[in-house]
file start_34.cif (mmCIF, C-alpha atoms (C1' of nucleotides))
data_my_file
#
loop_
_atom_site.label_atom_id
_atom_site.label_comp_id
_atom_site.auth_asym_id
_atom_site.auth_seq_id
_atom_site.Cartn_x
_atom_site.Cartn_y
_atom_site.Cartn_z
CA MET V 1 49.56 109.92 97.78
CA LYS V 2 50.50 109.28 94.20
CA ALA V 3 46.97 108.06 93.48
CA ALA V 4 45.44 111.17 95.04
CA ARG V 5 47.77 113.44 93.08
CA GLU V 6 46.93 111.73 89.80
CA ARG V 7 43.22 112.15 90.47
CA VAL V 8 43.82 115.88 90.69
CA GLY V 9 45.96 115.68 87.58
CA ILE V 10 49.04 117.69 88.56
CA SER V 11 52.78 117.02 88.52
CA GLN V 12 54.90 116.34 91.57
CA ALA V 13 56.42 119.82 91.27
CA GLU V 14 53.06 121.55 91.04
CA LEU V 15 51.68 119.68 94.02
CA GLY V 16 54.65 120.87 96.09
CA VAL V 17 54.33 124.48 94.95
CA ARG V 18 50.59 124.57 95.69
CA ALA V 19 51.34 123.16 99.14
CA GLY V 20 53.63 126.11 99.79
CA ILE V 21 57.00 124.47 99.16
CA ASP V 22 59.77 126.50 97.55
CA GLU V 23 59.56 126.09 93.79
CA PHE V 24 63.22 125.07 93.44
CA CYS V 25 62.93 122.01 95.63
CA ALA V 26 59.25 121.14 95.39
CA SER V 27 59.87 118.49 92.75
CA ALA V 28 62.60 116.72 94.73
CA ARG V 29 60.68 116.71 97.96
CA ILE V 30 57.40 115.38 96.59
CA ASN V 31 59.30 112.70 94.77
CA GLN V 32 61.08 111.68 97.97
CA TYR V 33 57.73 111.47 99.72
CA GLU V 34 56.01 109.45 97.02
CA ARG V 35 58.86 106.96 96.83
CA GLY V 36 59.10 106.67 100.62
CA LYS V 37 62.66 107.99 100.73
CA HIS V 38 61.72 110.61 103.29
CA ALA V 39 58.68 111.36 105.42
CA PRO V 40 57.13 114.86 105.54
CA ASP V 41 56.33 116.51 108.85
CA PHE V 42 52.71 116.90 109.90
CA LEU V 43 52.28 120.49 108.73
CA THR V 44 53.45 119.55 105.26
CA VAL V 45 51.07 116.58 105.18
CA GLN V 46 48.22 118.90 106.14
CA ASN V 47 49.06 121.25 103.28
CA LEU V 48 49.34 118.38 100.81
CA ALA V 49 46.03 116.95 101.98
CA GLN V 50 44.32 120.30 101.43
CA VAL V 51 45.66 120.59 97.90
CA LEU V 52 44.62 117.01 97.13
CA GLY V 53 41.19 117.45 98.69
CA VAL V 54 41.38 114.60 101.18
CA PRO V 55 41.35 114.52 105.00
CA THR V 56 44.86 114.43 106.49
CA ALA V 57 44.15 111.14 108.28
CA TYR V 58 43.68 109.48 104.89
CA PHE V 59 47.44 109.25 104.42
CA TYR V 60 47.90 107.32 107.65
CA ALA V 61 45.15 104.71 107.28
CA GLU V 62 46.61 101.21 107.22
CA GLU V 63 43.46 99.32 106.25
CA ASP V 64 42.07 100.00 102.78
CA ASN V 65 38.58 99.83 104.25
CA LEU V 66 39.32 102.62 106.66
CA ALA V 67 41.06 104.71 104.00
CA GLU V 68 37.96 104.55 101.82
CA LEU V 69 35.72 105.46 104.72
CA ILE V 70 37.83 108.50 105.53
CA LEU V 71 37.75 109.55 101.90
CA ILE V 72 33.95 109.34 101.77
CA PHE V 73 33.59 111.20 105.02
CA GLY V 74 35.73 113.99 103.59
CA LYS V 75 33.43 114.40 100.60
CA ILE V 76 29.98 114.51 102.15
CA ASN V 77 28.60 117.78 103.49
CA PRO V 78 28.67 118.69 107.22
CA GLU V 79 24.99 117.96 107.74
CA GLU V 80 25.36 114.45 106.38
CA LYS V 81 28.39 113.89 108.59
CA ASN V 82 26.32 114.14 111.74
CA LYS V 83 23.66 111.73 110.52
CA PHE V 84 26.39 109.40 109.45
CA LEU V 85 28.19 109.55 112.77
CA ASN V 86 24.98 108.92 114.67
CA SER V 87 24.28 105.71 112.79
CA ALA V 88 27.88 104.72 113.45
CA ARG V 89 27.33 105.19 117.18
CA GLU V 90 24.31 102.91 116.97
CA LYS V 91 26.27 100.19 115.25
CA SER V 92 29.04 100.29 117.81
CA LYS V 93 26.44 99.63 120.52
CA GLU V 94 24.94 96.70 118.65
CA SER V 95 28.34 95.19 117.99
CA ASP V 96 29.27 92.19 120.13
CA SER V 97 32.98 92.91 119.85
CA PHE V 98 34.72 92.85 123.19
CA ASP V 99 35.62 96.17 124.74
CA PHE V 100 39.31 96.10 125.59
CA ARG V 101 39.43 99.33 127.47
CA LEU V 102 40.10 99.25 131.18
CA GLY V 103 37.95 100.97 133.75
CA THR V 104 34.72 100.64 131.79
CA HIS V 105 33.15 97.66 133.54
CA MET Q 1 47.12 110.41 122.84
CA LYS Q 2 47.03 111.23 126.51
CA ALA Q 3 43.31 110.44 126.59
CA ALA Q 4 43.86 107.08 124.89
CA ARG Q 5 46.67 106.21 127.29
CA GLU Q 6 44.56 107.05 130.32
CA ARG Q 7 41.74 104.85 129.04
CA VAL Q 8 44.21 101.96 129.04
CA GLY Q 9 45.41 103.05 132.47
CA ILE Q 10 49.18 102.93 132.08
CA SER Q 11 52.01 105.41 132.73
CA GLN Q 12 53.94 107.24 130.04
CA ALA Q 13 56.95 105.02 130.71
CA GLU Q 14 54.95 101.81 130.45
CA LEU Q 15 53.31 102.89 127.22
CA GLY Q 16 56.76 103.48 125.75
CA VAL Q 17 58.16 100.16 126.91
CA ARG Q 18 55.16 98.22 125.57
CA ALA Q 19 55.64 99.99 122.25
CA GLY Q 20 59.18 98.69 122.10
CA ILE Q 21 61.08 101.77 123.22
CA ASP Q 22 64.21 101.35 125.35
CA GLU Q 23 63.21 101.39 129.01
CA PHE Q 24 65.71 104.12 129.93
CA CYS Q 25 64.26 106.72 127.62
CA ALA Q 26 60.66 105.56 127.20
CA SER Q 27 59.41 108.02 129.81
CA ALA Q 28 61.14 111.03 128.26
CA ARG Q 29 60.03 110.24 124.76
CA ILE Q 30 56.38 109.63 125.51
CA ASN Q 31 56.30 112.80 127.53
CA GLN Q 32 57.79 114.77 124.63
CA TYR Q 33 55.15 113.33 122.34
CA GLU Q 34 52.23 114.05 124.64
CA ARG Q 35 53.34 117.61 125.20
CA GLY Q 36 54.01 118.21 121.52
CA LYS Q 37 57.68 118.90 122.05
CA HIS Q 38 58.67 116.33 119.45
CA ALA Q 39 56.85 114.22 116.86
CA PRO Q 40 57.34 110.44 116.62
CA ASP Q 41 58.05 108.77 113.29
CA PHE Q 42 55.35 106.65 111.67
CA LEU Q 43 56.62 103.28 112.89
CA THR Q 44 56.57 104.51 116.47
CA VAL Q 45 53.04 105.85 116.03
CA GLN Q 46 51.96 102.46 114.70
CA ASN Q 47 53.39 100.71 117.75
CA LEU Q 48 51.77 103.20 120.11
CA ALA Q 49 48.43 102.80 118.35
CA GLN Q 50 48.60 99.04 118.73
CA VAL Q 51 49.31 99.27 122.44
CA LEU Q 52 46.49 101.78 122.89
CA GLY Q 53 44.06 99.75 120.80
CA VAL Q 54 43.18 102.44 118.26
CA PRO Q 55 43.73 102.71 114.49
CA THR Q 56 46.90 104.61 113.62
CA ALA Q 57 44.94 107.18 111.60
CA TYR Q 58 43.14 108.21 114.78
CA PHE Q 59 46.14 110.29 115.87
CA TYR Q 60 46.08 112.32 112.68
CA ALA Q 61 42.37 113.18 112.47
CA GLU Q 62 41.82 116.93 112.59
CA GLU Q 63 38.04 116.93 112.93
CA ASP Q 64 36.63 115.48 116.15
CA ASN Q 65 33.84 113.93 114.11
CA LEU Q 66 36.28 112.01 111.99
CA ALA Q 67 38.36 110.96 115.00
CA GLU Q 68 35.30 109.44 116.62
CA LEU Q 69 34.33 107.66 113.44
CA ILE Q 70 37.81 106.14 113.13
CA LEU Q 71 37.65 105.01 116.74
CA ILE Q 72 34.31 103.28 116.23
CA PHE Q 73 35.48 101.65 113.02
CA GLY Q 74 38.47 100.27 114.91
CA LYS Q 75 36.24 98.59 117.49
CA ILE Q 76 33.63 96.84 115.39
CA ASN Q 77 34.32 93.38 113.98
CA PRO Q 78 35.45 92.82 110.35
CA GLU Q 79 32.04 91.62 109.21
CA GLU Q 80 30.37 94.78 110.46
CA LYS Q 81 33.03 96.90 108.75
CA ASN Q 82 31.91 95.77 105.32
CA LYS Q 83 28.24 96.45 105.97
CA PHE Q 84 29.21 99.79 107.36
CA LEU Q 85 31.36 100.71 104.41
CA ASN Q 86 28.63 99.73 101.97
CA SER Q 87 26.12 102.06 103.55
CA ALA Q 88 28.78 104.75 103.46
CA ARG Q 89 29.19 104.24 99.72
CA GLU Q 90 25.43 104.68 99.31
CA LYS Q 91 25.42 107.91 101.19
CA SER Q 92 28.26 109.34 99.13
CA LYS Q 93 26.20 108.69 96.01
CA GLU Q 94 23.12 110.38 97.44
CA SER Q 95 25.14 113.36 98.59
CA ASP Q 96 24.84 116.49 96.47
CA SER Q 97 28.34 117.62 97.30
CA PHE Q 98 30.35 118.51 94.25
CA ASP Q 99 32.94 116.01 93.09
CA PHE Q 100 36.24 117.86 92.77
CA ARG Q 101 38.17 115.06 91.15
CA LEU Q 102 39.19 115.46 87.55
CA GLY Q 103 38.59 112.85 84.91
CA THR Q 104 35.38 111.54 86.44
CA HIS Q 105 32.79 113.29 84.25
"C1'" DT H 1 57.49 114.56 156.20
"C1'" DT H 2 59.67 110.75 153.75
"C1'" DT H 3 59.22 107.76 150.02
"C1'" DA H 4 58.21 105.92 145.56
"C1'" DA H 5 56.15 106.51 141.34
"C1'" DT H 6 55.11 109.40 137.73
"C1'" DA H 7 55.64 113.48 135.03
"C1'" DC H 8 58.53 116.45 133.00
"C1'" DT H 9 62.87 119.04 131.07
"C1'" DA H 10 67.67 120.77 129.18
"C1'" DA H 11 71.35 119.79 126.31
"C1'" DG H 12 74.40 117.27 123.36
"C1'" DC H 13 74.49 113.44 120.20
"C1'" DA H 14 72.47 110.97 116.50
"C1'" DT H 15 69.46 110.66 112.84
"C1'" DT H 16 66.57 112.40 109.39
"C1'" DC H 17 65.05 115.74 106.26
"C1'" DC H 18 65.70 119.73 103.04
"C1'" DT H 19 68.14 121.93 99.46
"C1'" DT H 20 70.99 122.02 95.55
"C1'" DA H 21 72.41 120.53 91.34
"C1'" DG H 22 72.13 117.75 88.59
"C1'" DT H 23 70.75 112.89 85.63
"C1'" DT H 24 67.30 109.86 83.70
"C1'" DC H 25 63.02 108.87 81.65
"C1'" DC H 26 59.21 109.54 78.54
"C1'" DG H 27 56.25 111.40 74.93
"C1'" DC H 28 55.97 114.16 70.95
"C1'" DG H 29 57.08 116.60 66.74
"C1'" DT H 30 60.10 116.68 62.78
"C1'" DA W 1 66.16 108.18 64.48
"C1'" DC W 2 67.01 112.61 66.68
"C1'" DG W 3 66.30 116.54 69.51
"C1'" DC W 4 63.43 118.93 72.61
"C1'" DG W 5 60.71 119.92 76.84
"C1'" DG W 6 58.53 118.39 80.74
"C1'" DA W 7 58.22 115.24 84.34
"C1'" DA W 8 60.33 111.95 87.38
"C1'" DC W 9 63.97 110.87 89.99
"C1'" DT W 10 68.62 110.88 92.72
"C1'" DA W 11 73.23 111.82 95.51
"C1'" DA W 12 75.27 114.43 98.87
"C1'" DG W 13 76.10 118.03 102.12
"C1'" DG W 14 74.02 121.37 105.16
"C1'" DA W 15 70.14 122.26 108.18
"C1'" DA W 16 66.78 120.81 111.21
"C1'" DT W 17 64.65 117.54 114.31
"C1'" DG W 18 64.35 113.75 117.30
"C1'" DC W 19 66.64 110.59 120.75
"C1'" DT W 20 69.26 109.71 124.77
"C1'" DT W 21 71.05 110.83 129.12
"C1'" DA W 22 70.82 112.59 133.43
"C1'" DG W 23 68.51 114.87 136.25
"C1'" DT W 24 64.68 117.95 138.47
"C1'" DA W 25 59.62 118.63 139.63
"C1'" DT W 26 55.31 116.85 141.02
"C1'" DT W 27 52.01 113.94 143.05
"C1'" DA W 28 50.01 110.63 146.22
"C1'" DA W 29 50.33 107.52 149.70
"C1'" DA W 30 52.28 105.82 154.19
#

call {"tool": "encode", "arguments": {"input": "start_34.cif", "output": "structure tokens"}}
result
Amino acid sequence: MKAARERVGISQAELGVRAGIDEFCASARINQYERGKHAPDFLTVQNLAQVLGVPTAYFYAEEDNLAELILIFGKINPEEKNKFLNSAREKSKESDSFDFRLGTH
Amino acid sequence: MKAARERVGISQAELGVRAGIDEFCASARINQYERGKHAPDFLTVQNLAQVLGVPTAYFYAEEDNLAELILIFGKINPEEKNKFLNSAREKSKESDSFDFRLGTH
DNA sequence: TTTAATACTAAGCATTCCTTAGTTCCGCGT
DNA sequence: ACGCGGAACTAAGGAATGCTTAGTATTAAA
């Protein structure tokens, strides 16, 4: 989150205020989030994501690869998204990775 | 989450137990999560995601398009992921969507 | 209809977060 | 070096939320 905030170029306090947090505690809360002292609820994460211009899921991606993919997907326009998703569907068919799900064979 | 659990074919209680939740309250907790009564913390979500065989970020995707993409990305093998990500990088260059980030021009 | 498994819920306890009220850190101008 | 202002950061209590318990519905099969 810190990286995303610095890309936008705003302070911790400003990020909080823009996300709709009370101005008197915005600074403290964002700091607690960035340092991992506390975890924001989902609504707050959604608001933060909007301010920072990234999809909400970006904050929960464990693999760096996936995080980057989510970021890219959030930037391209809706028309491109469909093309993109279609080629993804193709690749998942081609893939020889085993399908772990039950009830599909 | 309900959909993912049903694909695996296990009960709410079993999902909880496999995710490391105490057997006497696993049922109640998973039910509260599925019905939106309460929200699990991130560690719990990670454990649930592992049991259900999906990337953690999947549970936080707001757009259906993105959710599907995350799901596919979670199924393909590591080698494919890199190829996939590279073509994604290409597309983000081609895209005429405006770049909102500061300090990049 | 009885049974067993699964789904679901209320309520108090436990834990975590939010708010307040500060302190510390850092860069800049003098 | 010193003071100033903005940004980062923190402790602690009050407020909110989740977790556990114990139990009630629901469903499907015998």

call {"tool": "closest_atom_pairs", "arguments": {"input": "start_34.cif", "of": "chain H", "to": "stretch 8-31 of chain Q", "cutoff": "8 Å", "atoms": "all atoms listed in the file", "output": "tab-separated table"}}
result
residue	atom	partner	partner_atom	distance
H:DT6	C1'	Q:Ser11	CA	7.1
H:DA7	C1'	Q:Asn31	CA	7.6
H:DC8	C1'	Q:Asn31	CA	6.9

call {"tool": "atom_distance", "arguments": {"input": "start_34.cif", "atom1": "atom CA of Q:Glu90", "atom2": "atom CA of V:Leu85"}}
result
14.6 Å

call {"tool": "resolve_selection", "arguments": {"input": "start_34.cif", "expression": "the PyMOL selection byres ((chain H and resi 18) around 9)", "output": "ChimeraX atom specification"}}
result
/V:25,29 /H:17,19 /W:14-16

call {"tool": "closest_residue", "arguments": {"input": "start_34.cif", "among": "Q:Ile70, Q:Asn82, Q:Lys37, Q:Ala4", "to": "W:DT17", "atoms": "all atoms listed in the file"}}
result
Q:Lys37

call {"tool": "closest_residue", "arguments": {"input": "start_34.cif", "among": "V:Ala88, V:Ala3, V:Ala61, V:Leu66", "to": "Q:Gln46", "atoms": "only C-alpha atoms"}}
result
V:Ala61

call {"tool": "resolve_selection", "arguments": {"input": "start_34.cif", "expression": "the PyMOL selection byres ((chain W) within 12 of (chain V))", "output": "list in words"}}
result
DG6, DA7, DA8, DC9, DT10, DA11, DA16, DT17 and DG18 of chain W

call {"tool": "interface_residues", "arguments": {"input": "start_34.cif", "of": "chain V", "to": "chain Q", "cutoff": "10 Å", "atoms": "only C-alpha atoms", "output": "compact mmCIF listing (two decimals) with C-alpha atoms, in the coordinates of the input"}}
result
# COMPACT_ATOMS: atom_id res chain seq x y z
CA ALA V 4 45.44 111.17 95.04
CA ARG V 5 47.77 113.44 93.08
CA GLU V 6 46.93 111.73 89.80
CA ARG V 7 43.22 112.15 90.47
CA VAL V 8 43.82 115.88 90.69
CA GLY V 9 45.96 115.68 87.58
CA ALA V 39 58.68 111.36 105.42
CA PRO V 40 57.13 114.86 105.54
CA ASP V 41 56.33 116.51 108.85
CA PHE V 42 52.71 116.90 109.90
CA VAL V 45 51.07 116.58 105.18
CA GLN V 46 48.22 118.90 106.14
CA LEU V 52 44.62 117.01 97.13
CA GLY V 53 41.19 117.45 98.69
CA PRO V 55 41.35 114.52 105.00
CA THR V 56 44.86 114.43 106.49
CA ALA V 57 44.15 111.14 108.28
CA TYR V 58 43.68 109.48 104.89
CA PHE V 59 47.44 109.25 104.42
CA TYR V 60 47.90 107.32 107.65
CA ALA V 61 45.15 104.71 107.28
CA GLU V 62 46.61 101.21 107.22
CA GLU V 63 43.46 99.32 106.25
CA ASN V 65 38.58 99.83 104.25
CA LEU V 66 39.32 102.62 106.66
CA ALA V 67 41.06 104.71 104.00
CA GLU V 68 37.96 104.55 101.82
CA LEU V 69 35.72 105.46 104.72
CA ILE V 70 37.83 108.50 105.53
CA LEU V 71 37.75 109.55 101.90
CA ILE V 72 33.95 109.34 101.77
CA PHE V 73 33.59 111.20 105.02
CA GLY V 74 35.73 113.99 103.59
CA LYS V 75 33.43 114.40 100.60
CA ILE V 76 29.98 114.51 102.15
CA ASN V 77 28.60 117.78 103.49
CA PRO V 78 28.67 118.69 107.22
CA GLU V 80 25.36 114.45 106.38
CA LYS V 81 28.39 113.89 108.59
CA ASN V 82 26.32 114.14 111.74
CA PHE V 84 26.39 109.40 109.45
CA LEU V 85 28.19 109.55 112.77
CA ASN V 86 24.98 108.92 114.67
CA SER V 87 24.28 105.71 112.79
CA ALA V 88 27.88 104.72 113.45
CA ARG V 89 27.33 105.19 117.18
CA LYS V 91 26.27 100.19 115.25
CA SER V 92 29.04 100.29 117.81
CA LYS V 93 26.44 99.63 120.52
CA GLU V 94 24.94 96.70 118.65
CA SER V 95 28.34 95.19 117.99
CA ASP V 96 29.27 92.19 120.13
CA SER V 97 32.98 92.91 119.85
CA PHE V 98 34.72 92.85 123.19
CA ASP V 99 35.62 96.17 124.74
CA PHE V 100 39.31 96.10 125.59
CA ARG V 101 39.43 99.33 127.47
CA LEU V 102 40.10 99.25 131.18
CA GLY V 103 37.95 100.97 133.75
CA THR V 104 34.72 100.64 131.79

call {"tool": "resolve_selection", "arguments": {"input": "start_34.cif", "expression": "the PyMOL selection byres ((chain H and resi 29) around 10)", "output": "list in words"}}
result
DG27, DC28 and DT30 of chain H; DG3 and DC4 of chain W

call {"tool": "atom_distance", "arguments": {"input": "start_34.cif", "atom1": "atom C1' of H:DT16", "atom2": "atom C1' of W:DT21"}}
result
20.3 Å

call {"tool": "atom_distance", "arguments": {"input": "start_34.cif", "atom1": "atom C1' of H:DA4", "atom2": "atom C1' of W:DA28"}}
result
9.5 Å

call {"tool": "build_atoms", "arguments": {"input": "start_34.cif", "residues": "stretch 19-55 of chain Q", "atoms": "N, CA and C atoms", "output": "short mmCIF file (atom, residue, chain, number, x, y, z; two decimals), in the frame of the given file"}}
result
data_model
loop_
_atom_site.label_atom_id
_atom_site.label_comp_id
_atom_site.auth_asym_id
_atom_site.auth_seq_id
_atom_site.Cartn_x
_atom_site.Cartn_y
_atom_site.Cartn_z
N ALA Q 19 55.54 99.68 123.68
CA ALA Q 19 55.64 99.99 122.25
C ALA Q 19 57.03 99.70 121.71
N GLY Q 20 57.87 99.13 122.57
CA GLY Q 20 59.18 98.69 122.10
C GLY Q 20 60.30 99.69 122.25
N ILE Q 21 60.05 100.76 123.00
CA ILE Q 21 61.08 101.77 123.22
C ILE Q 21 61.97 101.36 124.40
N ASP Q 22 63.25 101.65 124.29
CA ASP Q 22 64.21 101.35 125.35
C ASP Q 22 63.71 101.88 126.69
N GLU Q 23 63.81 101.05 127.72
CA GLU Q 23 63.21 101.39 129.01
C GLU Q 23 63.80 102.65 129.65
N PHE Q 24 65.06 102.98 129.29
CA PHE Q 24 65.71 104.12 129.93
C PHE Q 24 65.32 105.47 129.32
N CYS Q 25 64.68 105.43 128.18
CA CYS Q 25 64.26 106.72 127.62
C CYS Q 25 62.78 106.73 127.24
N ALA Q 26 62.09 105.65 127.54
CA ALA Q 26 60.66 105.56 127.20
C ALA Q 26 59.88 106.71 127.83
N SER Q 27 60.13 106.96 129.09
CA SER Q 27 59.41 108.02 129.81
C SER Q 27 59.59 109.37 129.14
N ALA Q 28 60.85 109.72 128.87
CA ALA Q 28 61.14 111.03 128.26
C ALA Q 28 60.47 111.17 126.91
N ARG Q 29 60.57 110.13 126.12
CA ARG Q 29 60.03 110.24 124.76
C ARG Q 29 58.51 110.37 124.75
N ILE Q 30 57.84 109.54 125.49
CA ILE Q 30 56.38 109.63 125.51
C ILE Q 30 55.93 111.00 126.01
N ASN Q 31 56.64 111.47 127.01
CA ASN Q 31 56.30 112.80 127.53
C ASN Q 31 56.47 113.87 126.45
N GLN Q 32 57.57 113.80 125.71
CA GLN Q 32 57.79 114.77 124.63
C GLN Q 32 56.70 114.68 123.57
N TYR Q 33 56.22 113.49 123.32
CA TYR Q 33 55.15 113.33 122.34
C TYR Q 33 53.84 113.93 122.86
N GLU Q 34 53.51 113.59 124.10
CA GLU Q 34 52.23 114.05 124.64
C GLU Q 34 52.17 115.56 124.77
N ARG Q 35 53.31 116.16 125.04
CA ARG Q 35 53.34 117.61 125.20
C ARG Q 35 53.61 118.35 123.89
N GLY Q 36 53.79 117.58 122.82
CA GLY Q 36 54.01 118.21 121.52
C GLY Q 36 55.40 118.77 121.32
N LYS Q 37 56.32 118.40 122.18
CA LYS Q 37 57.68 118.90 122.05
C LYS Q 37 58.36 118.28 120.83
N HIS Q 38 58.14 117.01 120.64
CA HIS Q 38 58.67 116.33 119.45
C HIS Q 38 57.59 115.47 118.83
N ALA Q 39 57.80 115.09 117.56
CA ALA Q 39 56.85 114.22 116.86
C ALA Q 39 57.49 112.88 116.56
N PRO Q 40 56.81 111.78 116.89
CA PRO Q 40 57.34 110.44 116.62
C PRO Q 40 57.26 110.10 115.13
N ASP Q 41 58.16 109.23 114.68
CA ASP Q 41 58.05 108.77 113.29
C ASP Q 41 56.89 107.78 113.17
N PHE Q 42 56.56 107.42 111.92
CA PHE Q 42 55.35 106.65 111.67
C PHE Q 42 55.38 105.27 112.32
N LEU Q 43 56.53 104.61 112.29
CA LEU Q 43 56.62 103.28 112.89
C LEU Q 43 56.31 103.35 114.38
N THR Q 44 56.84 104.34 115.05
CA THR Q 44 56.57 104.51 116.47
C THR Q 44 55.08 104.75 116.72
N VAL Q 45 54.47 105.59 115.89
CA VAL Q 45 53.04 105.85 116.03
C VAL Q 45 52.24 104.56 115.86
N GLN Q 46 52.64 103.74 114.91
CA GLN Q 46 51.96 102.46 114.70
C GLN Q 46 52.03 101.59 115.95
N ASN Q 47 53.22 101.52 116.55
CA ASN Q 47 53.39 100.71 117.75
C ASN Q 47 52.57 101.26 118.91
N LEU Q 48 52.55 102.57 119.06
CA LEU Q 48 51.77 103.20 120.11
C LEU Q 48 50.28 102.92 119.90
N ALA Q 49 49.85 103.03 118.66
CA ALA Q 49 48.43 102.80 118.35
C ALA Q 49 48.02 101.38 118.71
N GLN Q 50 48.91 100.44 118.42
CA GLN Q 50 48.60 99.04 118.73
C GLN Q 50 48.44 98.83 120.23
N VAL Q 51 49.38 99.40 120.99
CA VAL Q 51 49.31 99.27 122.44
C VAL Q 51 48.03 99.91 122.98
N LEU Q 52 47.65 101.04 122.39
CA LEU Q 52 46.49 101.78 122.89
C LEU Q 52 45.17 101.27 122.30
N GLY Q 53 45.26 100.35 121.35
CA GLY Q 53 44.06 99.75 120.80
C GLY Q 53 43.23 100.68 119.94
N VAL Q 54 43.89 101.55 119.19
CA VAL Q 54 43.18 102.44 118.26
C VAL Q 54 43.84 102.37 116.89
N PRO Q 55 43.09 102.66 115.81
CA PRO Q 55 43.73 102.71 114.49
C PRO Q 55 44.76 103.84 114.44
#
